[in-house]
Every structure is written in structure tokens, then in C-alpha cells.
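What follows is the content of query.cif (mmCIF, C-alpha atoms).
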data_query
#
loop_
_atom_site.group_PDB
_atom_site.id
_atom_site.type_symbol
_atom_site.label_atom_id
_atom_site.label_comp_id
_atom_site.auth_asym_id
_atom_site.auth_seq_id
_atom_site.Cartn_x
_atom_site.Cartn_y
_atom_site.Cartn_z
ATOM 1 C CA MET A 235 -251.832 30.790 -51.576
ATOM 2 C CA ALA A 236 -254.612 28.772 -49.928
ATOM 3 C CA GLU A 237 -255.210 29.465 -46.254
ATOM 4 C CA ALA A 238 -254.178 26.587 -43.955
ATOM 5 C CA LYS A 239 -257.013 24.738 -42.278
ATOM 6 C CA PRO A 240 -257.337 24.814 -38.506
ATOM 7 C CA VAL A 241 -256.006 21.726 -36.728
ATOM 8 C CA LYS A 242 -259.456 20.649 -35.567
ATOM 9 C CA ASP A 243 -260.710 20.681 -39.180
ATOM 10 C CA LEU A 244 -257.752 18.541 -40.296
ATOM 11 C CA ILE A 245 -258.440 16.039 -37.528
ATOM 12 C CA ARG A 246 -262.091 15.849 -38.543
ATOM 13 C CA ASP A 247 -261.126 15.257 -42.179
ATOM 14 C CA LEU A 248 -258.703 12.473 -41.205
ATOM 15 C CA GLN A 249 -261.310 10.776 -39.049
ATOM 16 C CA ALA A 250 -263.722 10.794 -41.989
ATOM 17 C CA LEU A 251 -261.337 8.857 -44.253
ATOM 18 C CA SER A 252 -262.118 5.258 -45.119
ATOM 19 C CA LYS A 253 -259.612 2.443 -44.502
ATOM 20 C CA GLU A 254 -258.555 2.480 -48.148
ATOM 21 C CA GLU A 255 -258.059 6.263 -48.124
ATOM 22 C CA THR A 256 -256.123 6.062 -44.848
ATOM 23 C CA ALA A 257 -253.845 3.395 -46.325
ATOM 24 C CA LEU A 258 -253.130 5.631 -49.335
ATOM 25 C CA VAL A 259 -252.274 8.584 -47.067
ATOM 26 C CA LEU A 260 -249.912 6.465 -44.958
ATOM 27 C CA GLU A 261 -248.264 5.064 -48.081
ATOM 28 C CA ALA A 262 -247.738 8.578 -49.443
ATOM 29 C CA LEU A 263 -246.138 9.598 -46.144
ATOM 30 C CA GLY A 264 -243.871 6.552 -46.147
ATOM 31 C CA GLN A 265 -245.485 5.059 -43.030
ATOM 32 C CA PRO A 266 -246.369 1.365 -42.526
ATOM 33 C CA PRO A 267 -250.017 0.296 -42.777
ATOM 34 C CA LEU A 268 -252.131 0.413 -39.632
ATOM 35 C CA SER A 269 -252.478 -3.369 -39.643
ATOM 36 C CA ASP A 270 -248.701 -3.782 -39.318
ATOM 37 C CA VAL A 271 -248.532 -1.232 -36.505
ATOM 38 C CA MET A 272 -251.337 -2.921 -34.550
ATOM 39 C CA GLU A 273 -249.772 -6.357 -35.030
ATOM 40 C CA GLN A 274 -246.406 -5.109 -33.764
ATOM 41 C CA LYS A 275 -248.064 -3.544 -30.710
ATOM 42 C CA GLU A 276 -249.961 -6.739 -29.899
ATOM 43 C CA ASN A 277 -246.790 -8.819 -30.187
ATOM 44 C CA SER A 278 -245.000 -6.506 -27.744
ATOM 45 C CA LEU A 279 -247.612 -7.110 -25.031
ATOM 46 C CA PRO A 280 -247.054 -10.021 -22.599
ATOM 47 C CA GLN A 281 -249.084 -13.089 -23.501
ATOM 48 C CA PRO A 282 -251.358 -14.771 -20.939
ATOM 49 C CA GLY A 283 -249.284 -16.880 -18.573
ATOM 50 C CA GLN A 284 -246.050 -15.063 -19.405
ATOM 51 C CA PRO A 285 -244.366 -12.907 -16.729
ATOM 52 C CA ALA A 286 -244.214 -9.182 -17.342
ATOM 53 C CA GLN A 287 -240.895 -7.761 -18.435
ATOM 54 C CA PRO A 288 -238.903 -6.341 -15.493
ATOM 55 C CA ALA A 289 -238.343 -2.612 -15.264
ATOM 56 C CA GLN A 290 -235.274 -1.470 -17.120
ATOM 57 C CA VAL A 291 -232.318 -0.737 -14.900
ATOM 58 C CA VAL A 292 -230.349 2.353 -15.774
ATOM 59 C CA GLY A 293 -226.906 1.194 -16.807
ATOM 60 C CA ALA A 294 -223.665 3.019 -17.267
ATOM 61 C CA HIS A 295 -224.304 3.649 -20.969
ATOM 62 C CA SER A 296 -228.067 4.206 -20.913
ATOM 63 C CA GLY A 297 -227.851 7.950 -21.490
ATOM 64 C CA PHE A 298 -229.479 8.779 -18.157
ATOM 65 C CA PRO A 299 -227.591 11.225 -15.925
ATOM 66 C CA VAL A 300 -225.662 9.796 -13.005
ATOM 67 C CA PRO A 301 -227.557 10.525 -9.754
ATOM 68 C CA ARG A 302 -226.090 13.144 -7.470
ATOM 69 C CA VAL A 303 -224.840 12.187 -4.018
ATOM 70 C CA GLY A 304 -223.942 14.811 -1.419
ATOM 71 C CA VAL A 305 -220.274 15.785 -1.405
ATOM 72 C CA PHE A 306 -218.151 14.269 1.360
ATOM 73 C CA SER A 307 -214.457 15.012 1.883
ATOM 74 C CA GLY A 308 -213.774 13.674 5.362
ATOM 75 C CA GLU A 309 -212.897 17.175 6.579
ATOM 76 C CA GLU A 310 -215.118 19.114 8.963
ATOM 77 C CA GLY A 311 -216.218 22.703 8.481
ATOM 78 C CA LYS A 312 -216.605 22.674 4.696
ATOM 79 C CA GLY A 313 -220.390 22.811 4.571
ATOM 80 C CA GLU A 314 -220.666 19.301 3.161
ATOM 81 C CA VAL A 315 -222.832 16.404 4.229
ATOM 82 C CA SER A 316 -221.794 14.332 7.218
ATOM 83 C CA PHE A 317 -220.536 10.800 6.790
ATOM 84 C CA GLN A 318 -223.815 9.328 8.032
ATOM 85 C CA GLN A 319 -225.779 11.457 5.562
ATOM 86 C CA TRP A 320 -223.474 10.337 2.764
ATOM 87 C CA VAL A 321 -223.923 6.678 3.718
ATOM 88 C CA PHE A 322 -227.693 7.149 3.831
ATOM 89 C CA GLU A 323 -227.774 8.544 0.281
ATOM 90 C CA VAL A 324 -225.566 5.799 -1.142
ATOM 91 C CA ARG A 325 -227.560 3.047 0.551
ATOM 92 C CA GLY A 326 -230.730 4.563 -0.844
ATOM 93 C CA LEU A 327 -229.347 4.204 -4.374
ATOM 94 C CA LEU A 328 -228.228 0.635 -3.712
ATOM 95 C CA GLN A 329 -231.598 -0.411 -2.321
ATOM 96 C CA GLY A 330 -233.509 1.129 -5.213
ATOM 97 C CA ALA A 331 -234.156 -0.804 -8.406
ATOM 98 C CA LEU A 332 -233.534 2.033 -10.843
ATOM 99 C CA TYR A 333 -229.747 2.304 -11.049
ATOM 100 C CA GLY A 334 -227.244 -0.422 -11.762
ATOM 101 C CA ASP A 335 -224.061 -0.987 -9.786
ATOM 102 C CA GLU A 336 -221.898 0.816 -12.349
ATOM 103 C CA VAL A 337 -224.006 3.972 -12.170
ATOM 104 C CA VAL A 338 -224.002 3.949 -8.365
ATOM 105 C CA LEU A 339 -220.228 3.467 -8.442
ATOM 106 C CA GLN A 340 -219.847 6.544 -10.640
ATOM 107 C CA ALA A 341 -222.094 8.544 -8.305
ATOM 108 C CA VAL A 342 -220.028 7.482 -5.290
ATOM 109 C CA ARG A 343 -216.729 8.419 -6.923
ATOM 110 C CA ARG A 344 -218.036 11.825 -7.998
ATOM 111 C CA SER A 345 -219.279 12.598 -4.492
ATOM 112 C CA LEU A 346 -215.901 12.172 -2.791
ATOM 113 C CA ARG A 347 -213.350 14.943 -2.400
ATOM 114 C CA SER A 348 -209.958 15.509 -0.812
ATOM 115 C CA LYS A 349 -208.982 12.890 1.801
ATOM 116 C CA ALA A 350 -212.075 10.765 1.226
ATOM 117 C CA ALA A 351 -211.303 10.600 -2.495
ATOM 118 C CA ASP A 352 -207.751 9.510 -1.672
ATOM 119 C CA VAL A 353 -209.161 6.573 0.300
ATOM 120 C CA VAL A 354 -210.956 5.288 -2.801
ATOM 121 C CA LEU A 355 -207.927 6.038 -4.966
ATOM 122 C CA ARG A 356 -205.795 3.721 -2.860
ATOM 123 C CA LEU A 357 -208.324 0.917 -3.316
ATOM 124 C CA GLY A 358 -207.682 0.914 -7.052
ATOM 125 C CA SER A 359 -209.912 1.316 -10.086
ATOM 126 C CA GLY A 360 -211.364 -2.172 -9.717
ATOM 127 C CA ALA A 361 -212.944 -1.547 -6.301
ATOM 128 C CA GLY A 362 -216.715 -1.869 -6.287
ATOM 129 C CA VAL A 363 -219.302 -0.043 -4.213
ATOM 130 C CA ASP A 364 -219.308 -2.661 -1.438
ATOM 131 C CA ALA A 365 -215.531 -2.484 -1.030
ATOM 132 C CA ILE A 366 -215.623 1.314 -0.962
ATOM 133 C CA MET A 367 -218.416 1.408 1.626
ATOM 134 C CA GLU A 368 -216.614 -1.091 3.848
ATOM 135 C CA LYS A 369 -213.391 0.926 3.705
ATOM 136 C CA MET A 370 -215.159 4.225 4.365
ATOM 137 C CA GLU A 371 -216.973 2.757 7.371
ATOM 138 C CA ARG A 372 -213.669 1.641 8.879
ATOM 139 C CA ILE A 373 -212.128 5.095 8.472
ATOM 140 C CA TYR A 374 -215.016 7.511 9.042
ATOM 141 C CA GLY A 375 -217.676 5.411 10.754
ATOM 142 C CA ASN A 376 -218.189 5.049 14.482
ATOM 143 C CA VAL A 377 -215.765 2.341 15.577
ATOM 144 C CA LEU A 378 -216.787 2.395 19.237
ATOM 145 C CA PRO A 379 -218.168 -0.914 20.517
ATOM 146 C CA SER A 380 -221.930 -1.130 20.848
ATOM 147 C CA GLU A 381 -221.539 -1.214 24.629
ATOM 148 C CA LYS A 382 -219.827 2.188 24.588
ATOM 149 C CA ILE A 383 -222.524 3.702 22.379
ATOM 150 C CA LEU A 384 -225.170 2.285 24.696
ATOM 151 C CA GLU A 385 -223.355 3.763 27.687
ATOM 152 C CA GLU A 386 -223.203 7.149 25.964
ATOM 153 C CA PHE A 387 -226.936 6.938 25.321
ATOM 154 C CA TYR A 388 -227.844 6.170 28.925
ATOM 155 C CA THR A 389 -225.615 8.926 30.337
ATOM 156 C CA ALA A 390 -226.730 11.554 27.811
ATOM 157 C CA ARG A 391 -228.578 14.645 29.004
ATOM 158 C CA GLN A 392 -229.876 17.736 27.259
ATOM 159 C CA GLY A 393 -227.336 20.538 27.240
ATOM 160 C CA ALA A 394 -228.041 23.925 28.777
ATOM 161 C CA ARG A 395 -228.173 25.606 25.358
ATOM 162 C CA GLU A 396 -229.415 22.580 23.431
ATOM 163 C CA SER A 397 -232.910 22.865 21.985
ATOM 164 C CA VAL A 398 -235.478 20.092 22.218
ATOM 165 C CA ALA A 399 -234.994 19.318 18.522
ATOM 166 C CA GLU A 400 -231.208 19.093 18.890
ATOM 167 C CA TRP A 401 -231.555 16.893 21.964
ATOM 168 C CA ALA A 402 -233.906 14.551 20.106
ATOM 169 C CA CYS A 403 -231.591 14.331 17.091
ATOM 170 C CA ARG A 404 -228.617 13.493 19.296
ATOM 171 C CA ILE A 405 -230.215 10.530 21.030
ATOM 172 C CA GLU A 406 -231.888 9.360 17.808
ATOM 173 C CA GLU A 407 -228.479 9.170 16.139
ATOM 174 C CA LEU A 408 -227.119 7.031 18.981
ATOM 175 C CA VAL A 409 -230.063 4.655 18.685
ATOM 176 C CA ALA A 410 -229.697 4.551 14.896
ATOM 177 C CA GLN A 411 -226.062 3.500 15.261
ATOM 178 C CA LEU A 412 -227.111 0.610 17.481
ATOM 179 C CA GLU A 413 -229.854 -0.411 15.056
ATOM 180 C CA ARG A 414 -227.435 -0.427 12.116
ATOM 181 C CA ARG A 415 -225.290 -2.873 14.054
ATOM 182 C CA ASP A 416 -228.320 -5.045 14.867
ATOM 183 C CA ALA A 417 -227.582 -4.414 18.537
ATOM 184 C CA LEU A 418 -231.082 -3.088 19.128
ATOM 185 C CA SER A 419 -234.535 -4.077 17.910
ATOM 186 C CA ALA A 420 -237.036 -1.539 16.599
ATOM 187 C CA GLY A 421 -239.408 -2.144 19.511
ATOM 188 C CA ALA A 422 -236.700 -1.667 22.114
ATOM 189 C CA ALA A 423 -235.439 1.450 20.338
ATOM 190 C CA HIS A 424 -238.819 3.172 20.605
ATOM 191 C CA GLY A 425 -239.104 2.522 24.322
ATOM 192 C CA MET A 426 -235.541 3.649 24.989
ATOM 193 C CA LEU A 427 -235.990 6.850 23.007
ATOM 194 C CA ARG A 428 -239.235 7.679 24.754
ATOM 195 C CA THR A 429 -237.806 7.227 28.253
ATOM 196 C CA LYS A 430 -234.453 8.900 27.631
ATOM 197 C CA PHE A 431 -235.996 11.858 25.816
ATOM 198 C CA TYR A 432 -238.257 12.673 28.759
ATOM 199 C CA SER A 433 -235.860 11.908 31.601
ATOM 200 C CA GLY A 434 -232.966 13.694 29.911
ATOM 201 C CA LEU A 435 -234.725 17.050 29.539
ATOM 202 C CA SER A 436 -232.712 19.601 31.498
ATOM 203 C CA ARG A 437 -235.514 22.112 32.151
ATOM 204 C CA SER A 438 -237.920 21.198 34.921
ATOM 205 C CA GLN A 439 -240.675 23.271 33.266
ATOM 206 C CA LEU A 440 -240.616 20.998 30.227
ATOM 207 C CA ARG A 441 -240.674 17.814 32.274
ATOM 208 C CA SER A 442 -243.601 19.152 34.299
ATOM 209 C CA ALA A 443 -245.487 20.027 31.115
ATOM 210 C CA LEU A 444 -244.940 16.522 29.721
ATOM 211 C CA ARG A 445 -245.353 14.453 32.889
ATOM 212 C CA HIS A 446 -249.012 13.557 32.367
ATOM 213 C CA ARG A 447 -248.347 12.652 28.731
ATOM 214 C CA PHE A 448 -245.363 10.484 29.616
ATOM 215 C CA ASP A 449 -247.202 8.731 32.447
ATOM 216 C CA GLY A 450 -250.156 8.245 30.109
ATOM 217 C CA GLY A 451 -248.008 6.249 27.695
ATOM 218 C CA GLU A 452 -247.893 8.670 24.770
ATOM 219 C CA SER A 453 -245.483 7.733 21.995
ATOM 220 C CA TYR A 454 -242.063 9.266 21.536
ATOM 221 C CA ALA A 455 -243.238 11.149 18.441
ATOM 222 C CA LYS A 456 -246.097 12.800 20.343
ATOM 223 C CA LEU A 457 -243.856 13.613 23.294
ATOM 224 C CA LEU A 458 -241.394 15.290 20.950
ATOM 225 C CA VAL A 459 -244.084 17.514 19.435
ATOM 226 C CA ALA A 460 -245.502 18.379 22.860
ATOM 227 C CA ALA A 461 -242.027 19.203 24.164
ATOM 228 C CA ARG A 462 -241.369 21.581 21.287
ATOM 229 C CA VAL A 463 -244.672 23.350 21.926
ATOM 230 C CA ALA A 464 -243.879 23.630 25.645
ATOM 231 C CA GLU A 465 -240.404 24.927 24.813
ATOM 232 C CA LEU A 466 -241.884 27.718 22.701
ATOM 233 C CA GLU A 467 -244.327 28.634 25.464
ATOM 234 C CA VAL A 468 -241.615 28.703 28.135
ATOM 235 C CA SER A 469 -239.367 30.791 25.898
ATOM 236 C CA SER A 470 -242.216 33.200 25.201
ATOM 237 C CA VAL A 471 -242.952 33.641 28.914
ATOM 238 C CA GLY A 472 -239.263 34.147 29.616
ATOM 239 C CA SER A 473 -239.009 36.797 26.910
ATOM 240 C CA ASN A 474 -242.024 38.634 28.318
ATOM 241 C CA GLN A 475 -240.545 38.566 31.814
ATOM 242 C CA VAL A 476 -237.283 39.963 30.524
ATOM 243 C CA GLY A 477 -239.194 42.707 28.733
ATOM 244 C CA VAL A 478 -241.154 43.637 31.856
ATOM 245 C CA GLU A 479 -238.028 43.664 34.015
ATOM 246 C CA SER A 480 -236.245 45.856 31.486
ATOM 247 C CA MET A 481 -239.141 48.318 31.441
ATOM 248 C CA LEU A 482 -239.264 48.471 35.245
ATOM 249 C CA ASN A 483 -235.526 49.031 35.417
ATOM 250 C CA ASP A 484 -235.797 51.908 32.952
ATOM 251 C CA LYS A 485 -238.559 53.524 34.999
ATOM 252 C CA LEU A 486 -236.590 53.040 38.198
ATOM 253 C CA ASP A 487 -233.555 54.704 36.641
ATOM 254 C CA LYS A 488 -235.663 57.691 35.631
ATOM 255 C CA VAL A 489 -237.156 58.008 39.132
ATOM 256 C CA LEU A 490 -233.714 57.872 40.728
ATOM 257 C CA GLU A 491 -232.443 60.468 38.283
ATOM 258 C CA GLU A 492 -235.338 62.816 39.098
ATOM 259 C CA MET A 493 -234.793 62.327 42.838
ATOM 260 C CA SER A 494 -231.141 63.194 42.377
ATOM 261 C CA LEU A 495 -232.076 66.423 40.586
ATOM 262 C CA ILE A 496 -234.553 67.348 43.323
ATOM 263 C CA ARG A 497 -231.933 66.711 45.994
ATOM 264 C CA LYS A 498 -229.483 69.008 44.228
ATOM 265 C CA ARG A 499 -232.085 71.780 44.005
ATOM 266 C CA VAL A 500 -232.856 71.488 47.723
ATOM 267 C CA GLU A 501 -229.171 71.712 48.548
ATOM 268 C CA ARG A 502 -228.884 74.910 46.510
ATOM 269 C CA LEU A 503 -231.826 76.491 48.332
ATOM 270 C CA GLU A 504 -230.264 75.727 51.662
#
Will you turn the file into C-alpha cells for me?
Amino acid sequence: MAEAKPVKDLIRDLQALSKEETALVLEALGQPPLSDVMEQKENSLPQPGQPAQPAQVVGAHSGFPVPRVGVFSGEEGKGEVSFQQWVFEVRGLLQGALYGDEVVLQAVRRSLRSKAADVVLRLGSGAGVDAIMEKMERIYGNVLPSEKILEEFYTARQGARESVAEWACRIEELVAQLERRDALSAGAAHGMLRTKFYSGLSRSQLRSALRHRFDGGESYAKLLVAARVAELEVSSVGSNQVGVESMLNDKLDKVLEEMSLIRKRVERLE
């Protein structure tokens, strides 16, 4: 049996074929001539002055997998995404140009569990994504008036055990709720966040560390980073102080214990 040629040798042999020889090889393999293939390719390209074909949208029967949306059941403590996170994911699919409405609808239905799934069930099989989102917002969304949310924002203050990151996330969520209702512009939101973040810090050490940055007009993003750095430094100093105090207390206990032993010995000698 003849030894098979290496692939590179086969490629070199094919490249050396003439047009007539190439046509014979293609005919023997049952393939169309190269001229037909090139003509078909040229016809598939957009002609000058013609708009390009739009990107194909993934439909319900396209064979592509349905995108995954975080599970939401409407019940707390199950380790699932929050309602706002769920809304964010669904809106991301709707705003994208890849998936059609039917695919997004399937993704939404698959993501709901328990009580949240019952909400969609009561809407009926004909309910679309918009109807489902509207219903879910009424049941699980924040129904407080914008004035109440604004009041909560202005009266907010960092908790005693709340980290800088948690404090920032809390006030950012309040501002985001106002922005989603068009009750606040992007420019106003930045200024409000910057002022509230600094003034609402509960630890005087952090405010002192950030005062020159805040007075200098640094952005909210930079203040947040600086506050986290200052928080780590303050925590580190506090830990060191606790360690030193613990060591001194241990030494003091040993000294007192030795003094007690000496006192007992003196009493025995007397």
C-alpha cells in the first residue's frame, strides 16, 4: 500500500494544477466549477448603492439557545437575583439587537419561579414581554412616590457597621430609581451622589481624610476610591491598636500574678 503524502505536499500539488486539471478534479468530486462558485459569491455581495443586509435576529426557531436570565421568585432569602437585577438583565436583552421578542419572552418565562411565575401565569399565554414587565413592576417594583425616595436619599446616613462600598451602593440605588422615573437628570444625579456620599459618612476620620478632595471638586468616583483606601487605613490602625492593647493587658496580668505570688511568699515568711 502506497504511503500517504503529507498534507503540505498535497497542497503544493493542487496549487500546481492548471485550470483544466482543477475542473476535472472538481467534476470527479461532484463539486461545481470554480467559475460558478465565484459568480455565486459575487452575487451575494451588496451592489454599489444598495444598503447592506441587516444582522440576523435570533428568532424562536433559529436553533440558537435561549439566553439565560437570573432566577427571580419574588421570595427573599433564596439566593436569587433581586428584582432590580432581574429587570436590568431583561432590559439588556430587549435593548440588544440580537434576540427577537419571542426569544426574550421565553427567557423571561424560564427565569421566573414560585410566586413570580404565578404572576405571569395569571396574565395568560398571550402576554408579551412589555405586559409582563409592567405587571412585575407594579407588584415587585418600588411604588413609593419620587418625593418619598428623594426624602429617603436626603435623610440617609452611613450605618455604624456599613462599609463605604455598601453605603455607596445604597445611595446609588436610590438615585437610580429616580433616574428610571425621569425624576432626576444625569448631571444632577452626579452632584447629589457626590455631596451625599461625603456628608453621610459616619466616621469623622474618613471625612477628615476626604475633606481636601471634596473641597477641591473631585468627582464622586474618585471620592469613592479615596474613601475605600482611607477606610482600609483606619481599619488597619485600629487593628494594630487593639493588638497593642491586648499585648499590654497580657503583660499586666502576668505582672499582677507575679506580685500576688511574691505577696504570698512574704506572708509565709512573716
Considering all atoms listed in the file, state which residue in the set A:Ala341, A:Ala361, A:Leu328, A:Glu323 is at the smallest distance from Pro299 (chain A). A:Ala341
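Our summary of the geometry notes that CA of Leu384 (chain A) is positioned 15.6 Å from CA of Cys403 (chain A).
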Evaluate the PyMOL selection byres ((chain A and resi 343-355) around 12) and record the selected residues as a ChimeraX atom specification, following the chain and residue labels used in the document. /A:300-310,312,314-317,320-321,323-324,336-342,356-374
Quick check on the file I pasted: which residues fall under the PyMOL selection byres ((chain A and resi 424) around 10)? Write them as a CSV table (one decimal) with C-alpha atoms, in the coordinates of the input.
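Output (expr.csv):
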chain,number,residue,atom,x,y,z
A,406,GLU,CA,-231.9,9.4,17.8
A,409,VAL,CA,-230.1,4.7,18.7
A,419,SER,CA,-234.5,-4.1,17.9
A,420,ALA,CA,-237.0,-1.5,16.6
A,421,GLY,CA,-239.4,-2.1,19.5
A,422,ALA,CA,-236.7,-1.7,22.1
A,423,ALA,CA,-235.4,1.4,20.3
A,425,GLY,CA,-239.1,2.5,24.3
A,426,MET,CA,-235.5,3.6,25.0
A,427,LEU,CA,-236.0,6.8,23.0
A,428,ARG,CA,-239.2,7.7,24.8
A,429,THR,CA,-237.8,7.2,28.3
A,453,SER,CA,-245.5,7.7,22.0
A,454,TYR,CA,-242.1,9.3,21.5
A,455,ALA,CA,-243.2,11.1,18.4
Please report the interatomic distance between CA of Asp449 (chain A) and CA of Glu381 (chain A) in Å with one decimal. 28.6 Å
Take CA of Gly450 (chain A) and CA of Leu412 (chain A) and report the distance between them in Å, one decimal.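 For CA of Gly450 (chain A) relative to CA of Leu412 (chain A), the distance reads 27.4 Å.
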Excluding Val398 (chain A) and its own-chain neighbours fewer than 4 positions away, which residues fall within 8 Å of it when counting all atoms listed in the file? Please give them as a PyMOL selection string. chain A and resi 392+402+435+458+461-462+465
With only C-alpha atoms as the basis for distance, which of A:Leu408, A:Val377, A:Leu457, A:Leu466 is at the shortest distance from Ser433 (chain A)? A:Leu457
Evaluate the PyMOL selection byres ((chain A and resi 440) around 10) and record the selected residues as a PyMOL selection string, following the chain and residue labels used in the document. chain A and resi 398+432+435-439+441-445+460-465+467-468
Kindly export the residues of the current selection with C-alpha atoms, as a compact mmCIF listing (two decimals), in the frame of the given file.
# COMPACT_ATOMS: atom_id res chain seq x y z
CA VAL A 398 -235.48 20.09 22.22
CA TYR A 432 -238.26 12.67 28.76
CA LEU A 435 -234.72 17.05 29.54
CA SER A 436 -232.71 19.60 31.50
CA ARG A 437 -235.51 22.11 32.15
CA SER A 438 -237.92 21.20 34.92
CA GLN A 439 -240.68 23.27 33.27
CA ARG A 441 -240.67 17.81 32.27
CA SER A 442 -243.60 19.15 34.30
CA ALA A 443 -245.49 20.03 31.12
CA LEU A 444 -244.94 16.52 29.72
CA ARG A 445 -245.35 14.45 32.89
CA ALA A 460 -245.50 18.38 22.86
CA ALA A 461 -242.03 19.20 24.16
CA ARG A 462 -241.37 21.58 21.29
CA VAL A 463 -244.67 23.35 21.93
CA ALA A 464 -243.88 23.63 25.64
CA GLU A 465 -240.40 24.93 24.81
CA GLU A 467 -244.33 28.63 25.46
CA VAL A 468 -241.62 28.70 28.14
